[in-house]
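Source file: input-v3.txt (compact mmCIF, C-alpha atoms (C1' of nucleotides))
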# COMPACT_ATOMS: atom_id res chain seq x y z
CA MET A 1181 3.98 3.79 -1.25
CA ALA A 1182 2.80 0.47 -2.43
CA ALA A 1183 6.12 -1.19 -2.34
CA ASN A 1184 5.46 -3.59 -5.13
CA SER A 1185 8.48 -5.82 -5.15
CA GLN A 1186 6.71 -8.50 -7.17
CA PHE A 1187 8.34 -7.33 -10.36
CA SER A 1188 11.84 -7.51 -8.89
CA MET A 1189 11.13 -10.96 -7.53
CA ALA A 1190 9.78 -12.08 -10.88
CA VAL A 1191 12.84 -10.91 -12.78
CA HIS A 1192 15.04 -12.57 -10.20
CA VAL A 1193 13.20 -15.88 -10.49
CA LEU A 1194 13.14 -15.78 -14.27
CA ALA A 1195 16.86 -15.02 -14.38
CA MET A 1196 17.43 -18.13 -12.28
CA LEU A 1197 15.36 -20.16 -14.71
CA ALA A 1198 17.28 -18.68 -17.62
CA ARG A 1199 20.48 -19.89 -16.02
CA SER A 1200 19.10 -23.42 -15.65
CA LYS A 1201 17.97 -23.62 -19.28
CA ASP A 1202 15.64 -26.59 -19.78
CA GLU A 1203 16.22 -28.04 -16.35
CA ASN A 1204 13.39 -27.87 -13.83
CA VAL A 1205 14.08 -25.68 -10.83
CA LYS A 1206 12.25 -26.29 -7.55
CA SER A 1207 10.41 -23.53 -5.76
CA ASP A 1208 12.52 -24.25 -2.69
CA CYS A 1209 15.68 -23.45 -4.59
CA LEU A 1210 14.24 -20.25 -6.03
CA ALA A 1211 12.90 -19.24 -2.63
CA SER A 1212 16.27 -19.52 -0.94
CA SER A 1213 17.93 -17.30 -3.53
CA VAL A 1214 15.17 -14.72 -3.31
CA ASN A 1215 15.27 -15.15 0.45
CA THR A 1216 11.61 -15.81 0.92
CA ASN A 1217 9.17 -18.65 1.35
CA ALA A 1218 8.59 -21.34 -1.26
CA VAL A 1219 4.85 -20.72 -1.26
CA VAL A 1220 5.39 -17.07 -2.07
CA VAL A 1221 7.48 -18.12 -5.04
CA ARG A 1222 4.89 -20.65 -6.18
CA ARG A 1223 2.20 -17.98 -6.07
CA LEU A 1224 4.38 -15.79 -8.23
CA LEU A 1225 5.11 -18.67 -10.60
CA GLY A 1226 1.37 -19.11 -10.94
CA GLN A 1227 1.09 -15.59 -12.34
CA LEU A 1228 4.04 -16.10 -14.64
CA ASN A 1229 2.51 -19.34 -15.81
CA GLN A 1230 -0.77 -17.61 -16.66
CA ALA A 1231 1.22 -15.15 -18.74
CA SER A 1232 2.85 -18.07 -20.55
CA LEU A 1233 6.29 -17.16 -19.33
CA VAL A 1234 7.03 -20.33 -17.38
CA VAL A 1235 5.95 -23.94 -17.36
CA SER A 1236 5.67 -25.90 -14.14
CA GLN A 1237 5.53 -29.59 -13.47
CA THR A 1238 4.23 -31.34 -10.39
CA GLY A 1239 5.60 -34.56 -8.99
CA ALA A 1240 9.05 -35.93 -8.42
CA ASN A 1241 11.72 -34.11 -10.43
CA GLY A 1242 9.12 -31.41 -10.97
CA GLY A 1243 9.74 -27.70 -10.84
CA SER A 1244 9.59 -24.78 -13.22
CA ARG A 1245 11.39 -23.70 -16.34
CA LEU A 1246 11.05 -20.94 -18.92
CA ALA A 1247 8.31 -21.39 -21.49
CA ARG A 1248 10.40 -19.57 -24.12
CA CYS A 1249 13.98 -18.59 -24.83
CA PRO A 1250 15.26 -15.76 -22.60
CA ASN A 1251 15.71 -13.53 -25.60
CA GLU A 1252 12.07 -13.95 -26.50
CA ILE A 1253 10.89 -12.60 -23.15
CA ASN A 1254 11.04 -8.89 -22.45
CA LEU A 1255 10.62 -6.99 -19.22
CA ALA A 1256 7.37 -5.38 -20.31
CA GLU A 1257 5.74 -8.79 -20.44
CA ILE A 1258 7.01 -9.58 -16.98
CA TYR A 1259 5.82 -6.26 -15.65
CA LYS A 1260 2.41 -6.82 -17.13
CA ALA A 1261 2.22 -10.35 -15.75
CA VAL A 1262 2.71 -9.38 -12.13
CA ASN A 1263 1.39 -5.85 -11.98
CA CYS A 1264 -1.96 -4.18 -12.01
CA GLY A 1265 -0.10 -2.03 -14.49
CA GLU A 1266 -0.74 1.54 -13.45
CA VAL A 1267 1.88 4.04 -12.41
CA PHE A 1268 -0.49 5.90 -10.19
CA ALA A 1269 -4.01 5.09 -9.11
CA LEU A 1270 -6.98 7.24 -9.94
CA HIS A 1271 -9.20 8.50 -7.14
CA ALA A 1272 -10.10 5.78 -4.67
CA LYS A 1273 -13.50 7.37 -4.18
CA ALA A 1274 -15.23 9.18 -7.02
CA PRO A 1275 -14.84 12.94 -6.67
CA SER A 1276 -17.81 15.26 -6.31
CA GLN A 1277 -19.79 15.49 -9.52
CA ASP A 1278 -21.13 18.89 -8.45
CA CYS A 1279 -17.76 20.46 -9.09
CA SER A 1280 -16.62 21.14 -12.65
CA ILE A 1281 -13.16 19.90 -11.77
CA GLY A 1282 -14.27 16.85 -9.82
CA LYS A 1283 -16.51 15.93 -12.70
CA ASN A 1284 -13.80 15.82 -15.36
CA ILE A 1285 -10.52 15.28 -13.59
CA GLU A 1286 -10.72 11.50 -13.68
CA ALA A 1287 -11.03 11.36 -17.45
CA VAL A 1288 -8.07 13.66 -17.89
CA LEU A 1289 -5.93 11.77 -15.41
CA GLY A 1290 -6.94 8.46 -16.93
CA CYS A 1291 -5.75 9.67 -20.27
CA ILE A 1292 -2.41 10.81 -18.91
CA GLN A 1293 -2.09 7.59 -16.96
CA ARG A 1294 -2.47 5.51 -20.09
CA GLU A 1295 0.14 7.53 -21.87
CA ILE A 1296 2.68 7.11 -19.07
CA ASP A 1297 1.96 3.41 -18.81
CA LYS A 1298 2.59 3.05 -22.51
CA GLY A 1299 5.90 4.82 -22.04
CA ILE A 1300 6.91 2.47 -19.27
CA ALA A 1301 6.02 -0.57 -21.34
CA GLU A 1302 7.95 0.82 -24.28
CA LYS A 1303 11.08 1.32 -22.22
CA LEU A 1304 10.81 -2.03 -20.47
CA SER A 1305 10.27 -3.85 -23.72
CA ARG A 1306 13.76 -2.84 -24.82
CA TYR A 1307 15.25 -5.23 -22.31
CA THR A 1308 14.99 -8.96 -22.83
CA LEU A 1309 15.45 -11.47 -20.06
CA GLN A 1310 18.62 -12.48 -21.87
CA ASN A 1311 19.97 -8.93 -21.55
CA VAL A 1312 19.24 -8.86 -17.86
CA PHE A 1313 20.75 -12.29 -17.34
CA GLU A 1314 23.93 -11.23 -19.07
CA MET A 1315 24.17 -8.04 -17.06
CA VAL A 1316 23.77 -10.01 -13.86
CA GLU A 1317 26.33 -12.62 -14.87
CA GLN A 1318 28.83 -9.95 -15.80
CA GLY A 1319 28.21 -8.22 -12.51
CA LYS A 1320 27.75 -4.93 -14.24
CA ALA A 1321 24.77 -2.75 -13.69
CA SER A 1322 24.62 -1.11 -17.05
CA MET B 888 -0.78 -3.13 -5.51
CA ALA B 889 0.20 0.05 -3.84
CA ALA B 890 -2.80 1.96 -4.96
CA ASN B 891 -1.18 5.34 -4.73
CA SER B 892 -3.93 7.79 -5.42
CA GLN B 893 -2.03 10.63 -3.83
CA PHE B 894 -0.91 11.92 -7.19
CA SER B 895 -4.45 12.05 -8.54
CA MET B 896 -5.62 13.82 -5.44
CA ALA B 897 -2.75 16.30 -5.68
CA VAL B 898 -3.51 17.18 -9.30
CA HIS B 899 -7.16 17.54 -8.42
CA VAL B 900 -6.42 19.87 -5.54
CA LEU B 901 -3.93 21.94 -7.53
CA ALA B 902 -6.40 22.27 -10.39
CA MET B 903 -8.92 23.67 -7.91
CA LEU B 904 -6.33 26.16 -6.70
CA ALA B 905 -5.54 27.10 -10.29
CA ARG B 906 -9.19 27.91 -10.81
CA SER B 907 -9.26 30.17 -7.76
CA LYS B 908 -6.16 32.11 -8.81
CA ASP B 909 -4.84 34.20 -5.89
CA GLU B 910 -7.80 33.52 -3.68
CA ASN B 911 -7.29 31.28 -0.65
CA VAL B 912 -9.19 28.01 -0.75
CA LYS B 913 -10.07 26.21 2.46
CA SER B 914 -9.20 22.57 3.03
CA ASP B 915 -12.89 21.90 3.70
CA CYS B 916 -13.80 23.07 0.24
CA LEU B 917 -11.06 21.03 -1.42
CA ALA B 918 -12.00 17.98 0.64
CA SER B 919 -15.60 18.05 -0.46
CA SER B 920 -14.65 18.17 -4.12
CA VAL B 921 -12.16 15.34 -3.70
CA ASN B 922 -14.73 13.58 -1.55
CA THR B 923 -12.50 12.96 1.41
CA ASN B 924 -11.66 14.38 4.78
CA ALA B 925 -10.21 17.85 5.31
CA VAL B 926 -7.33 16.48 7.34
CA VAL B 927 -6.33 14.19 4.51
CA VAL B 928 -6.22 17.20 2.23
CA ARG B 929 -4.21 19.22 4.70
CA ARG B 930 -1.66 16.44 4.98
CA LEU B 931 -1.34 16.46 1.21
CA LEU B 932 -1.07 20.24 1.14
CA GLY B 933 1.78 19.91 3.61
CA GLN B 934 3.72 17.86 1.08
CA LEU B 935 2.90 20.27 -1.72
CA ASN B 936 3.99 23.13 0.48
CA GLN B 937 7.33 21.48 1.16
CA ALA B 938 7.79 21.19 -2.58
CA SER B 939 7.06 24.92 -2.92
CA LEU B 940 3.97 24.30 -5.00
CA VAL B 941 1.43 25.87 -2.67
CA VAL B 942 1.34 28.45 0.08
CA SER B 943 -0.98 28.11 3.03
CA GLN B 944 -2.19 30.59 5.54
CA THR B 945 -3.62 29.93 8.96
CA GLY B 946 -6.26 32.00 10.64
CA ALA B 947 -9.49 33.55 9.52
CA ASN B 948 -9.76 33.89 5.74
CA GLY B 949 -6.86 31.48 5.56
CA GLY B 950 -6.48 28.59 3.17
CA SER B 951 -4.17 27.60 0.37
CA ARG B 952 -3.22 28.97 -3.02
CA LEU B 953 -0.67 28.17 -5.69
CA ALA B 954 2.86 29.33 -5.04
CA ARG B 955 3.43 29.87 -8.78
CA CYS B 956 1.50 30.35 -12.00
CA PRO B 957 -0.18 27.16 -13.23
CA ASN B 958 1.95 27.20 -16.36
CA GLU B 959 5.09 27.16 -14.25
CA ILE B 960 4.13 23.93 -12.51
CA ASN B 961 4.46 20.65 -14.33
CA LEU B 962 3.17 17.21 -13.44
CA ALA B 963 6.62 15.77 -12.84
CA GLU B 964 7.09 18.15 -9.95
CA ILE B 965 3.76 17.14 -8.50
CA TYR B 966 4.58 13.47 -8.91
CA LYS B 967 7.90 13.94 -7.18
CA ALA B 968 6.30 15.92 -4.37
CA VAL B 969 3.85 13.22 -3.32
CA ASN B 970 5.57 10.03 -4.39
CA CYS B 971 8.46 7.97 -3.20
CA GLY B 972 9.16 8.06 -6.91
CA GLU B 973 9.82 4.49 -7.91
CA VAL B 974 7.81 2.53 -10.46
CA PHE B 975 8.57 -0.75 -8.80
CA ALA B 976 10.25 -1.58 -5.51
CA LEU B 977 13.45 -3.53 -5.26
CA HIS B 978 13.59 -6.64 -3.10
CA ALA B 979 12.02 -6.13 0.29
CA LYS B 980 14.59 -8.47 1.84
CA ALA B 981 18.10 -8.66 0.42
CA PRO B 982 18.46 -11.75 -1.79
CA SER B 983 20.96 -14.49 -1.00
CA GLN B 984 24.51 -13.32 -1.54
CA ASP B 985 25.61 -16.94 -2.04
CA CYS B 986 23.90 -17.00 -5.43
CA SER B 987 25.50 -15.24 -8.37
CA ILE B 988 22.12 -13.97 -9.44
CA GLY B 989 20.97 -12.94 -5.99
CA LYS B 990 24.23 -11.09 -5.53
CA ASN B 991 23.93 -8.85 -8.59
CA ILE B 992 20.28 -8.65 -9.46
CA GLU B 993 19.59 -5.66 -7.26
CA ALA B 994 22.20 -3.49 -8.92
CA VAL B 995 20.85 -4.37 -12.36
CA LEU B 996 17.24 -3.76 -11.36
CA GLY B 997 18.17 -0.52 -9.65
CA CYS B 998 19.72 0.68 -12.84
CA ILE B 999 16.68 -0.18 -14.91
CA GLN B 1000 14.43 1.34 -12.29
CA ARG B 1001 16.23 4.66 -12.48
CA GLU B 1002 15.95 4.69 -16.23
CA ILE B 1003 12.22 4.06 -16.16
CA ASP B 1004 11.69 6.67 -13.48
CA LYS B 1005 13.51 9.20 -15.61
CA GLY B 1006 11.23 8.31 -18.51
CA ILE B 1007 8.15 8.86 -16.40
CA ALA B 1008 9.41 12.21 -15.19
CA GLU B 1009 10.22 13.24 -18.73
CA LYS B 1010 6.73 12.42 -19.98
CA LEU B 1011 5.02 14.01 -17.00
CA SER B 1012 7.06 17.18 -17.34
CA ARG B 1013 5.46 17.81 -20.70
CA TYR B 1014 2.18 18.65 -18.99
CA THR B 1015 1.80 21.85 -17.03
CA LEU B 1016 -0.91 22.36 -14.47
CA GLN B 1017 -2.30 24.93 -16.86
CA ASN B 1018 -2.63 22.25 -19.56
CA VAL B 1019 -4.46 19.95 -17.19
CA PHE B 1020 -6.70 22.72 -15.95
CA GLU B 1021 -7.67 23.62 -19.50
CA MET B 1022 -8.39 20.00 -20.39
CA VAL B 1023 -10.59 19.67 -17.35
CA GLU B 1024 -12.43 22.89 -18.04
CA GLN B 1025 -13.05 21.94 -21.62
CA GLY B 1026 -14.30 18.54 -20.49
CA LYS B 1027 -12.10 16.84 -22.99
CA ALA B 1028 -9.77 14.07 -22.01
CA SER B 1029 -7.08 14.64 -24.57
C1' DG C 461 3.28 -48.15 -3.64
C1' DC C 462 6.34 -44.46 -2.27
C1' DA C 463 8.86 -40.30 -2.31
C1' DT C 464 8.76 -35.82 -4.14
C1' DT C 465 6.95 -31.57 -5.75
C1' DT C 466 3.38 -28.30 -7.18
C1' DG C 467 -1.10 -25.80 -6.40
C1' DT C 468 -3.86 -23.80 -3.25
C1' DA C 469 -6.57 -22.94 0.88
C1' DG C 470 -6.55 -20.94 5.26
C1' DC C 471 -4.72 -18.31 8.97
C1' DA C 472 -1.73 -14.92 11.61
C1' DG C 473 1.29 -10.95 11.61
C1' DT C 474 2.77 -6.65 9.51
C1' DT C 475 2.45 -2.45 7.14
C1' DA C 476 0.53 1.56 4.79
C1' DG C 477 -3.06 4.47 4.13
C1' DA C 478 -7.62 6.58 4.99
C1' DG C 479 -10.64 8.57 7.98
C1' DT C 480 -11.75 10.70 12.36
C1' DT C 481 -11.46 13.47 16.63
C1' DA C 482 -9.12 16.76 19.15
C1' DC C 483 -6.58 20.64 20.12
C1' DA C 484 -2.73 24.22 19.99
C1' DG C 485 -1.47 28.20 17.43
C1' DA C 486 -1.93 31.81 13.76
C1' DG C 487 -4.32 35.60 12.14
C1' DA C 488 -8.38 38.69 10.76
C1' DA C 489 -11.95 41.51 12.54
C1' DA C 490 -14.79 43.44 16.06
C1' DT D 99 -8.29 42.37 23.73
C1' DT D 100 -11.44 39.08 22.63
C1' DT D 101 -13.54 36.16 19.42
C1' DC D 102 -14.06 33.55 15.47
C1' DT D 103 -11.98 30.99 11.82
C1' DC D 104 -8.51 28.17 9.75
C1' DT D 105 -4.27 25.38 9.51
C1' DG D 106 -0.91 21.95 11.34
C1' DT D 107 -0.38 17.95 13.64
C1' DA D 108 -0.80 14.17 16.96
C1' DA D 109 -3.20 10.09 18.19
C1' DC D 110 -6.25 6.53 17.37
C1' DT D 111 -9.10 3.08 14.71
C1' DC D 112 -10.29 0.58 10.47
C1' DT D 113 -9.32 -1.59 6.41
C1' DA D 114 -6.83 -3.65 2.56
C1' DA D 115 -2.90 -5.88 0.84
C1' DC D 116 1.06 -8.58 1.26
C1' DT D 117 4.15 -11.86 3.52
C1' DG D 118 5.09 -15.92 5.74
C1' DC D 119 3.64 -20.21 7.39
C1' DT D 120 1.28 -24.85 7.88
C1' DA D 121 -1.27 -28.25 5.79
C1' DC D 122 -2.87 -31.21 2.40
C1' DA D 123 -4.76 -32.96 -2.16
C1' DA D 124 -3.19 -34.07 -6.68
C1' DA D 125 0.36 -35.13 -9.96
C1' DT D 126 4.35 -37.62 -11.38
C1' DG D 127 8.73 -40.39 -11.60
C1' DC D 128 10.84 -44.51 -9.92

Just dump the structure as structure tokens.
Amino acid sequence: MAANSQFSMAVHVLAMLARSKDENVKSDCLASSVNTNAVVVRRLLGQLNQASLVVSQTGANGGSRLARCPNEINLAEIYKAVNCGEVFALHAKAPSQDCSIGKNIEAVLGCIQREIDKGIAEKLSRYTLQNVFEMVEQGKAS
Amino acid sequence: MAANSQFSMAVHVLAMLARSKDENVKSDCLASSVNTNAVVVRRLLGQLNQASLVVSQTGANGGSRLARCPNEINLAEIYKAVNCGEVFALHAKAPSQDCSIGKNIEAVLGCIQREIDKGIAEKLSRYTLQNVFEMVEQGKAS
DNA sequence: GCATTTGTAGCAGTTAGAGTTACAGAGAAA
DNA sequence: TTTCTCTGTAACTCTAACTGCTACAAATGC
């Protein structure tokens, strides 16, 4: 499966930023906690920046920080920021239009897909970054 | 993203089998409707067979058919049969254990992940293959 | 000016999946 | 029994996507 670990990495990074409050955190520092390369983190921060979740600053004493309070950011926003946003993909190649099923299956699946995606967003939106941060700090997983 | 179109293909194939009732359908026929290769379909049918959703027969007049009535098969089962079953992947490489966040984030994310996956399964289980088949036949997407 | 840090381009390595060919084995029908 | 038809599966290539890395321009504080 498309092991999309971008979301996990994003939550991890944002939790680090939540811990540092208004202080800028360098991509190097984030990268070593996530255990990856600083460039990978900066690419991710670029996406989070486009979604208005973080603010970055170049230059000496630069780095990134949250654009909003941790309790004003929910996981659905994060998911949306880093994901194409579909649980499952529709047909890679269009099915045969000569077949009654091939002709209509995509519309039906698309409809179901949207419903599931809405459900995911709804569930994720119940968690704020603040909630996650607190769970992590308390070392409890629920 | 991990464009996992296996689920779409599986529903497509199973809908074709639902249409053919107890008659065996050849992988060639399924492949041409899905617009892919027969071997790809047979690999998928192997997974569906392991999940007891279809029965296949080798030899002349062989092929595949549903193992159960279409109204006794729901989409959650199909999803489970072809998917690793996680919305998002956890960290590819374990995060730094020297960081309080790195140390606990995986447990927290794992917990959230399981909750979301349960939500997806719950929503998918509301649709039977029969429902999908009828929607496709009627050419309506809801 | 100088040191530091981001943003981003460009490249190599890895992985997952799709598509293809090939062939052994099962099973119906003559 | 032989033959014809299918499935199951292995092996290979191609492609797309992601990761990791180096490099460097531009921004910014001192």

* Asked: Pairing every Cα of chain B with chain A in order, what RMSD remains after the least-squares superposition?
  -> 0.1 Å

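Here CA of Lys990 (chain B) and CA of His1192 (chain A) stand 10.4 Å from one another.
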
Hey, could you make a per-residue contact list for chain A against chain B with 8 Å as the cut-off, showing the nearest pair of atoms and its distance in Å to one decimal, counting only C-alpha atoms, sorted by chain and number, as JSON lines?
{"residue": "A:Met1181", "atom": "CA", "partner": "B:Ala889", "partner_atom": "CA", "distance": 5.9}
{"residue": "A:Ala1182", "atom": "CA", "partner": "B:Ala889", "partner_atom": "CA", "distance": 3.0}
{"residue": "A:Ala1183", "atom": "CA", "partner": "B:Ala976", "partner_atom": "CA", "distance": 5.2}
{"residue": "A:Asn1184", "atom": "CA", "partner": "B:Ala976", "partner_atom": "CA", "distance": 5.2}
{"residue": "A:Ser1185", "atom": "CA", "partner": "B:Ala976", "partner_atom": "CA", "distance": 4.6}
{"residue": "A:Gln1186", "atom": "CA", "partner": "B:Ala976", "partner_atom": "CA", "distance": 7.9}
{"residue": "A:Phe1187", "atom": "CA", "partner": "B:Phe975", "partner_atom": "CA", "distance": 6.8}
{"residue": "A:Ser1188", "atom": "CA", "partner": "B:Leu977", "partner_atom": "CA", "distance": 5.6}
{"residue": "A:Met1189", "atom": "CA", "partner": "B:His978", "partner_atom": "CA", "distance": 6.7}
{"residue": "A:His1192", "atom": "CA", "partner": "B:Ile992", "partner_atom": "CA", "distance": 6.6}
{"residue": "A:Ala1195", "atom": "CA", "partner": "B:Ile988", "partner_atom": "CA", "distance": 7.3}
{"residue": "A:Met1196", "atom": "CA", "partner": "B:Ile988", "partner_atom": "CA", "distance": 6.9}
{"residue": "A:Ser1212", "atom": "CA", "partner": "B:Ser983", "partner_atom": "CA", "distance": 6.9}
{"residue": "A:Ser1213", "atom": "CA", "partner": "B:Ser983", "partner_atom": "CA", "distance": 4.8}
{"residue": "A:Val1214", "atom": "CA", "partner": "B:Pro982", "partner_atom": "CA", "distance": 4.7}
{"residue": "A:Asn1215", "atom": "CA", "partner": "B:Pro982", "partner_atom": "CA", "distance": 5.2}
{"residue": "A:Thr1216", "atom": "CA", "partner": "B:Lys980", "partner_atom": "CA", "distance": 8.0}
{"residue": "A:Asn1263", "atom": "CA", "partner": "B:Met888", "partner_atom": "CA", "distance": 7.3}
{"residue": "A:Cys1264", "atom": "CA", "partner": "B:Met888", "partner_atom": "CA", "distance": 6.7}
{"residue": "A:Val1267", "atom": "CA", "partner": "B:Val974", "partner_atom": "CA", "distance": 6.4}
{"residue": "A:Phe1268", "atom": "CA", "partner": "B:Asn891", "partner_atom": "CA", "distance": 5.5}
{"residue": "A:Ala1269", "atom": "CA", "partner": "B:Ser892", "partner_atom": "CA", "distance": 4.6}
{"residue": "A:Leu1270", "atom": "CA", "partner": "B:Ser892", "partner_atom": "CA", "distance": 5.5}
{"residue": "A:His1271", "atom": "CA", "partner": "B:Ser892", "partner_atom": "CA", "distance": 5.6}
{"residue": "A:Ala1272", "atom": "CA", "partner": "B:Ser892", "partner_atom": "CA", "distance": 6.5}
{"residue": "A:Lys1273", "atom": "CA", "partner": "B:Asn922", "partner_atom": "CA", "distance": 6.9}
{"residue": "A:Ala1274", "atom": "CA", "partner": "B:Asn922", "partner_atom": "CA", "distance": 7.0}
{"residue": "A:Pro1275", "atom": "CA", "partner": "B:Val921", "partner_atom": "CA", "distance": 4.7}
{"residue": "A:Ser1276", "atom": "CA", "partner": "B:Ser920", "partner_atom": "CA", "distance": 4.8}
{"residue": "A:Gln1277", "atom": "CA", "partner": "B:Ser920", "partner_atom": "CA", "distance": 7.9}
{"residue": "A:Asp1278", "atom": "CA", "partner": "B:Ser920", "partner_atom": "CA", "distance": 7.8}
{"residue": "A:Cys1279", "atom": "CA", "partner": "B:Ser920", "partner_atom": "CA", "distance": 6.3}
{"residue": "A:Ser1280", "atom": "CA", "partner": "B:Glu1024", "partner_atom": "CA", "distance": 7.0}
{"residue": "A:Ile1281", "atom": "CA", "partner": "B:Val1023", "partner_atom": "CA", "distance": 6.1}
{"residue": "A:Gly1282", "atom": "CA", "partner": "B:Ser920", "partner_atom": "CA", "distance": 5.9}
{"residue": "A:Asn1284", "atom": "CA", "partner": "B:Val1023", "partner_atom": "CA", "distance": 5.4}
{"residue": "A:Ile1285", "atom": "CA", "partner": "B:Val1023", "partner_atom": "CA", "distance": 5.8}
{"residue": "A:Ala1287", "atom": "CA", "partner": "B:Ala1028", "partner_atom": "CA", "distance": 5.5}
{"residue": "A:Val1288", "atom": "CA", "partner": "B:Ala1028", "partner_atom": "CA", "distance": 4.5}
{"residue": "A:Leu1289", "atom": "CA", "partner": "B:Ser895", "partner_atom": "CA", "distance": 7.0}
{"residue": "A:Cys1291", "atom": "CA", "partner": "B:Ala1028", "partner_atom": "CA", "distance": 6.2}
{"residue": "A:Ile1296", "atom": "CA", "partner": "B:Ile1007", "partner_atom": "CA", "distance": 6.3}
{"residue": "A:Gly1299", "atom": "CA", "partner": "B:Gly1006", "partner_atom": "CA", "distance": 7.3}
{"residue": "A:Ile1300", "atom": "CA", "partner": "B:Ile1003", "partner_atom": "CA", "distance": 6.4}
{"residue": "A:Lys1303", "atom": "CA", "partner": "B:Ile1003", "partner_atom": "CA", "distance": 6.7}
{"residue": "A:Leu1304", "atom": "CA", "partner": "B:Ile1003", "partner_atom": "CA", "distance": 7.6}
{"residue": "A:Val1312", "atom": "CA", "partner": "B:Val995", "partner_atom": "CA", "distance": 7.3}
{"residue": "A:Met1315", "atom": "CA", "partner": "B:Val995", "partner_atom": "CA", "distance": 6.8}
{"residue": "A:Val1316", "atom": "CA", "partner": "B:Asn991", "partner_atom": "CA", "distance": 5.4}
{"residue": "A:Glu1317", "atom": "CA", "partner": "B:Ile988", "partner_atom": "CA", "distance": 7.0}
{"residue": "A:Gly1319", "atom": "CA", "partner": "B:Asn991", "partner_atom": "CA", "distance": 5.8}
{"residue": "A:Lys1320", "atom": "CA", "partner": "B:Val995", "partner_atom": "CA", "distance": 7.2}
{"residue": "A:Ala1321", "atom": "CA", "partner": "B:Val995", "partner_atom": "CA", "distance": 4.4}
{"residue": "A:Ser1322", "atom": "CA", "partner": "B:Cys998", "partner_atom": "CA", "distance": 6.7}

Produce a table with one row for each residue of chain D that has an atom at most 8 Å from any atom of chain A, each row naming the nearest atom pair and its distance in Å at one decimal; use only C-alpha atoms (C1' of nucleotides); arrange rows by chain and rising residue number; format as a Markdown table.
| residue | atom | partner | partner_atom | distance |
| --- | --- | --- | --- | --- |
| D:DT117 | C1' | A:Val1220 | CA | 7.7 |
| D:DG118 | C1' | A:Asn1217 | CA | 6.6 |
| D:DA125 | C1' | A:Gly1239 | CA | 5.4 |
| D:DT126 | C1' | A:Gly1239 | CA | 4.1 |
| D:DG127 | C1' | A:Ala1240 | CA | 5.5 |

* Skip DC110 (chain D) itself and residues of its chain fewer than 4 positions away, then list as JSON, numbers by chain all residues within 12 Å of it, counting only C-alpha atoms (C1' of nucleotides). => {"C": [479, 480, 481, 482]}

Only C-alpha atoms (C1' of nucleotides), please: the residues just picked out, written as a PDB file, keeping the file's coordinate frame.
ATOM      1  C1'  DG C 479     -10.640   8.570   7.980  1.00  0.00           C
ATOM      2  C1'  DT C 480     -11.750  10.700  12.360  1.00  0.00           C
ATOM      3  C1'  DT C 481     -11.460  13.470  16.630  1.00  0.00           C
ATOM      4  C1'  DA C 482      -9.120  16.760  19.150  1.00  0.00           C
TER       5       DA C 482
END

Can I get the residues of chain C within 8 Å of chain B, each with the closest pair of atoms and their distance in Å to one decimal, using only C-alpha atoms (C1' of nucleotides), sorted chain first then ascending number, as JSON lines?
{"residue": "C:DA478", "atom": "C1'", "partner": "B:Val927", "partner_atom": "CA", "distance": 7.7}
{"residue": "C:DG479", "atom": "C1'", "partner": "B:Asn924", "partner_atom": "CA", "distance": 6.7}
{"residue": "C:DA486", "atom": "C1'", "partner": "B:Gly946", "partner_atom": "CA", "distance": 5.3}
{"residue": "C:DG487", "atom": "C1'", "partner": "B:Gly946", "partner_atom": "CA", "distance": 4.4}
{"residue": "C:DA488", "atom": "C1'", "partner": "B:Ala947", "partner_atom": "CA", "distance": 5.4}

* Length of the CA of Lys908 (chain B) to CA of Cys956 (chain B) vector [Å] ->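 About the pair CA of Lys908 (chain B) and CA of Cys956 (chain B): they are 8.5 Å apart.
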